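K.L.:
Just passing along the structure, written as structure tokens.
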Amino acid sequence: MIVLRTLKKALRRSPLLLPAVVIIVMSVLFAHPHSKYYRKYRSLPPITKVVTLTQGGGLVGAMTLGDRSRLQRSVRQQFSAVGASHVLALSGLHLSILYFFLSFVFYPLRRRLFFNVILLSSIWVYAYAVGMSASITRAAIMLSLITLSTMMLRKASSVNNLSLSAILILLFSPSSVYDIGFQLSFAAVLFIIILYKPLFRLMPFRLRRNRFVAFVWSMVCISFVAQLGTAPLVAHYFHIFPVYFLLSNFVVVPAAYIIIGGTIIYLLHVFPATVSMLLDTVADTMLHLVRLIASLPGATVTGISFSWFQVLCAYLIILFTTSCFFMKLQK
């Protein structure tokens, strides 16, 4: 009884204590390569099962596990040509969808400690299971900080969260700074943090009051600023620029929500046959639409070659131009 009372008092004084202990224990269990839990959850047989059940299994596998081995090279090239390759490589988008889905399901319990422990645990289990890439780790850290801020009834600072994510990743793995996924992920998120709100507010408030219009405009803004933030790096590494990236994102982002959310529902064994059929239909439809967009004339500008100096100059020009534009609007 004394021990329980002491624990109760400690939890009241330090609400972050329980989540911290849970994350530490999970790290010990799941992160050690020789742990049976690590080997078990690393393979994730149930997700593999849903992947093999659908005809668009290669696409579902890439979007849930990051396994692109079953995707044809032509499919990967088509997604790259339309600026939609980010849905095939596990990134913050996928983890954010998982976070959004769980937050929606358990919304009435969002202030409860137990819910936040489940949320944090789910984020890190998934991150460990898919390999802890730089972009996934960045998203996991940022979402964890947002969750902890909510628990403490404090407003989270996006820039501080992004900065802390970079510090933690580079402290444990300094070589990550050379990873393409790390560079693209941080560039995209930084530009979204800096430019999304000013761009979103360009639409008159009377139009933004309509939820559908606001949702569509929000997708346009996020896709545009993310592409703007990654364009110089994409030009340097891949020597291309996708012209129809806005159009393709209207296809792949909603499809990603359905596929990842549907996979979670399937794993809970809720109407598995119906969900499997839905995943099959959505994956095939998305593949068909991406092929259609990629076949449009002038879909991709190729032959672009940026040196690191040109990449730096491009970012300086973009930031200077956008700053002048928004400052002029405020006058």
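Identifiers in this document derive from the order of the structure tokens: chains are assigned A, B, ..., residues are numbered from 1 separately in each chain, and ligands are numbered from 1 in order of occurrence.
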Report as a tab-separated table: every residue of range 136-219 of chain A with an atom at most 12 Å from range 234-256 of chain A, its closest pair of atoms, and their distance in Å to one decimal, counting only C-alpha atoms, with rows sorted by chain and ascending residue number.

P.N.:
```
residue	atom	partner	partner_atom	distance
A:Tyr178	CA	A:Tyr237	CA	11.9
A:Asp179	CA	A:Tyr237	CA	11.3
A:Ile180	CA	A:Tyr237	CA	8.3
A:Gly181	CA	A:Val234	CA	10.9
A:Gln183	CA	A:Val234	CA	10.2
A:Leu184	CA	A:Val234	CA	8.2
A:Ser185	CA	A:Val234	CA	11.7
A:Ala187	CA	A:Val234	CA	11.0
A:Ala188	CA	A:Val234	CA	11.3
A:Phe215	CA	A:Phe250	CA	11.1
A:Val216	CA	A:Phe250	CA	8.6
A:Trp217	CA	A:Phe250	CA	10.9
A:Ser218	CA	A:Phe250	CA	11.1
A:Met219	CA	A:Phe250	CA	7.5
```

K.L.:
Show me, as a list of chain:residue names, the residues that have an atom within 10 Å of Leu120 in chain A when counting only C-alpha atoms, minus same-chain residues fewer than 2 positions from it.

P.N.:
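Counting only C-alpha atoms, the residues come to A:Pro19, A:Ala20, A:Val22, A:Ile23, A:Tyr99, A:Phe115, A:Asn116, A:Val117, A:Ile118, A:Ser122, A:Ile123, A:Trp124, A:Val125, A:Ala140, A:Ile141, A:Leu143, A:Ser144, A:Leu145, A:Thr147, A:Leu148.
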
K.L.:
Only C-alpha atoms, please: the residues just picked out, written as a PDB file, in the first residue's frame.

P.N.:
```pdb
ATOM      1  CA  PRO A  19       5.298   7.516 -20.367  1.00  0.00           C
ATOM      2  CA  ALA A  20       9.061   7.815 -19.862  1.00  0.00           C
ATOM      3  CA  VAL A  22       7.043   2.804 -20.720  1.00  0.00           C
ATOM      4  CA  ILE A  23       9.238   4.144 -23.561  1.00  0.00           C
ATOM      5  CA  TYR A  99      -1.176   9.289 -34.957  1.00  0.00           C
ATOM      6  CA  PHE A 115      -4.472   7.138 -23.758  1.00  0.00           C
ATOM      7  CA  ASN A 116      -1.250   9.095 -24.158  1.00  0.00           C
ATOM      8  CA  VAL A 117       0.781   6.064 -23.054  1.00  0.00           C
ATOM      9  CA  ILE A 118      -0.983   3.971 -25.737  1.00  0.00           C
ATOM     10  CA  SER A 122       2.065   2.789 -30.779  1.00  0.00           C
ATOM     11  CA  ILE A 123       4.243   5.449 -32.392  1.00  0.00           C
ATOM     12  CA  TRP A 124       7.506   3.927 -31.184  1.00  0.00           C
ATOM     13  CA  VAL A 125       6.513   0.296 -31.782  1.00  0.00           C
ATOM     14  CA  ALA A 140       8.273   9.950 -33.870  1.00  0.00           C
ATOM     15  CA  ILE A 141      10.211  12.453 -31.754  1.00  0.00           C
ATOM     16  CA  LEU A 143       4.786  13.560 -32.316  1.00  0.00           C
ATOM     17  CA  SER A 144       6.009  12.403 -28.902  1.00  0.00           C
ATOM     18  CA  LEU A 145       6.845  15.996 -27.947  1.00  0.00           C
ATOM     19  CA  THR A 147       1.749  14.426 -27.062  1.00  0.00           C
ATOM     20  CA  LEU A 148       3.788  15.322 -23.980  1.00  0.00           C
TER      21      LEU A 148
END
```

K.L.:
Would you mind listing what lies within 10 Å of Leu287 in chain A as a short mmCIF file (atom, residue, chain, number, x, y, z; two decimals) with N, CA and C atoms, in the first residue's frame, with only C-alpha atoms counted and same-chain residues fewer than 5 positions away left out?

P.N.:
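For reference, selection17.cif as written:
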```cif
data_model
loop_
_atom_site.label_atom_id
_atom_site.label_comp_id
_atom_site.auth_asym_id
_atom_site.auth_seq_id
_atom_site.Cartn_x
_atom_site.Cartn_y
_atom_site.Cartn_z
N GLY A 56 -3.05 -5.23 -55.05
CA GLY A 56 -2.14 -4.09 -54.97
C GLY A 56 -1.21 -4.23 -53.78
N LEU A 59 2.02 -2.24 -53.39
CA LEU A 59 1.80 -0.84 -53.03
C LEU A 59 1.46 -0.72 -51.55
N VAL A 75 6.81 1.25 -61.79
CA VAL A 75 5.86 1.87 -60.85
C VAL A 75 6.58 2.91 -60.00
N GLN A 78 7.21 5.96 -62.07
CA GLN A 78 5.99 6.75 -62.30
C GLN A 78 5.64 7.60 -61.07
N PHE A 79 5.78 7.04 -59.88
CA PHE A 79 5.52 7.80 -58.66
C PHE A 79 6.53 8.93 -58.51
N VAL A 251 -4.31 12.79 -55.15
CA VAL A 251 -4.64 11.37 -55.33
C VAL A 251 -4.01 10.54 -54.22
N VAL A 252 -2.69 10.70 -54.03
CA VAL A 252 -1.95 9.77 -53.17
C VAL A 252 -2.14 10.03 -51.67
N THR A 281 -9.00 -2.24 -53.90
CA THR A 281 -9.59 -1.25 -54.83
C THR A 281 -8.86 0.08 -54.78
N VAL A 282 -8.58 0.57 -53.57
CA VAL A 282 -7.90 1.86 -53.40
C VAL A 282 -6.49 1.82 -53.99
N LEU A 292 -1.81 7.56 -65.09
CA LEU A 292 -2.49 8.52 -65.97
C LEU A 292 -1.81 9.89 -65.89
#
```

K.L.:
Need to verify the contact set: Ala166 in chain A, 12 Å, only C-alpha atoms, exclusion of same-chain residues closer than 5 positions in sequence. Can you return it as a list in words?

P.N.:
Ala134, Ser135, Ile136, Thr137, Arg138, Ala139, Ala140, Ile141, Met142, Val159, Asn160, Asn161, Leu171, Phe172, Ser173, Pro174, Ser175, Ser176, Val177, Phe182, Gln183, Ser185, Phe186, Ala187, Val189 and Leu190 of chain A

K.L.:
So how many Å separate CA of Phe306 in chain A and CA of Ile169 in chain A, to one decimal?

P.N.:
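Going from CA of Phe306 in chain A over to CA of Ile169 in chain A, I get 26.9 Å.
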
K.L.:
Looking at A:Met63, A:Ala127, A:Ile192, A:Met151, which one is nearest to Phe224 in chain A, with distances taken over only C-alpha atoms?

P.N.:
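Checking each candidate against Phe224 in chain A, we get A:Ile192 as the closest.
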
K.L.:
Which is closer to Val225 in chain A than all the others in A:Ile146, A:Met277, A:Ile318, A:Ala84, using only C-alpha atoms?

P.N.:
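Distance minimum relative to Val225 in chain A lands on A:Ile318.
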
K.L.:
Under the rule that only C-alpha atoms are counted, which of A:Leu95, A:Leu88, A:Ala273, A:Ala231 is the nearest residue to Arg68 in chain A?

P.N.:
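Going through A:Leu95, A:Leu88, A:Ala273, A:Ala231 one by one, the smallest distance to Arg68 in chain A is for A:Leu88.
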
K.L.:
In range 121-167 of chain A, what's alpha helix (DSSP H) per DSSP? Answer as a ChimeraX atom specification?

P.N.:
/A:121-129,134-151,158-167

K.L.:
Can you spit out the residues from that selection as a PDB file, in the first residue's frame, using C-alpha atoms?

P.N.:
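Okay, again20.pdb is ready:
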```pdb
ATOM      1  CA  SER A 121       3.751   3.254 -27.386  1.00  0.00           C
ATOM      2  CA  SER A 122       2.065   2.789 -30.779  1.00  0.00           C
ATOM      3  CA  ILE A 123       4.243   5.449 -32.392  1.00  0.00           C
ATOM      4  CA  TRP A 124       7.506   3.927 -31.184  1.00  0.00           C
ATOM      5  CA  VAL A 125       6.513   0.296 -31.782  1.00  0.00           C
ATOM      6  CA  TYR A 126       5.724   1.185 -35.387  1.00  0.00           C
ATOM      7  CA  ALA A 127       8.939   3.209 -35.729  1.00  0.00           C
ATOM      8  CA  TYR A 128      11.016   0.271 -34.438  1.00  0.00           C
ATOM      9  CA  ALA A 129       9.123  -2.216 -36.593  1.00  0.00           C
ATOM     10  CA  ALA A 134      15.809   9.229 -40.151  1.00  0.00           C
ATOM     11  CA  SER A 135      12.455  10.578 -41.370  1.00  0.00           C
ATOM     12  CA  ILE A 136      10.447   8.135 -39.212  1.00  0.00           C
ATOM     13  CA  THR A 137      12.595   8.901 -36.151  1.00  0.00           C
ATOM     14  CA  ARG A 138      12.157  12.645 -36.714  1.00  0.00           C
ATOM     15  CA  ALA A 139       8.380  12.244 -36.921  1.00  0.00           C
ATOM     16  CA  ALA A 140       8.273   9.950 -33.870  1.00  0.00           C
ATOM     17  CA  ILE A 141      10.211  12.453 -31.754  1.00  0.00           C
ATOM     18  CA  MET A 142       8.076  15.404 -32.890  1.00  0.00           C
ATOM     19  CA  LEU A 143       4.786  13.560 -32.316  1.00  0.00           C
ATOM     20  CA  SER A 144       6.009  12.403 -28.902  1.00  0.00           C
ATOM     21  CA  LEU A 145       6.845  15.996 -27.947  1.00  0.00           C
ATOM     22  CA  ILE A 146       3.409  17.157 -29.144  1.00  0.00           C
ATOM     23  CA  THR A 147       1.749  14.426 -27.062  1.00  0.00           C
ATOM     24  CA  LEU A 148       3.788  15.322 -23.980  1.00  0.00           C
ATOM     25  CA  SER A 149       2.953  19.020 -24.466  1.00  0.00           C
ATOM     26  CA  THR A 150      -0.752  18.134 -24.616  1.00  0.00           C
ATOM     27  CA  MET A 151      -0.425  16.144 -21.395  1.00  0.00           C
ATOM     28  CA  SER A 158       7.088  23.262 -33.969  1.00  0.00           C
ATOM     29  CA  VAL A 159      10.506  24.806 -34.591  1.00  0.00           C
ATOM     30  CA  ASN A 160      11.799  23.696 -31.188  1.00  0.00           C
ATOM     31  CA  ASN A 161      10.423  20.189 -31.731  1.00  0.00           C
ATOM     32  CA  LEU A 162      12.075  19.951 -35.145  1.00  0.00           C
ATOM     33  CA  SER A 163      15.352  21.284 -33.741  1.00  0.00           C
ATOM     34  CA  LEU A 164      15.317  18.829 -30.835  1.00  0.00           C
ATOM     35  CA  SER A 165      14.565  15.977 -33.254  1.00  0.00           C
ATOM     36  CA  ALA A 166      17.599  16.891 -35.359  1.00  0.00           C
ATOM     37  CA  ILE A 167      19.823  17.201 -32.270  1.00  0.00           C
TER      38      ILE A 167
END
```

K.L.:
Tell me, as a list in words, which residues lie within 8 Å of range 262-267 of chain A, counting only C-alpha atoms; anything in the same chain fewer than 2 positions away does not count.

P.N.:
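Everything that qualifies: Pro46, Ile47, Val50, Thr64, Ile258, Ile259, Ile260, His269, Val270, Phe271, Pro272, Val275, Ser276, Leu278 and Leu279 of chain A.
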
K.L.:
For a test of reading the model, state the distance in Å between CA of Leu113 in chain A and CA of Leu268 in chain A, rounded to one decimal.

P.N.:
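Distance between the two atoms: 22.8 Å.
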
K.L.:
Give me, please, the distance in Å between CA of Arg208 in chain A and CA of Phe326 in chain A, quoted to one decimal.

P.N.:
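CA of Phe326 in chain A lies at a distance of 18.8 Å from CA of Arg208 in chain A.
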
K.L.:
Got a sec: who's within 10 Å of Lys197 in chain A, counting only C-alpha atoms, leaving out chain neighbours fewer than 4 positions off, as a VMD selection string?

P.N.:
chain A and resid 192 to 193 201 to 202 218 221 to 222
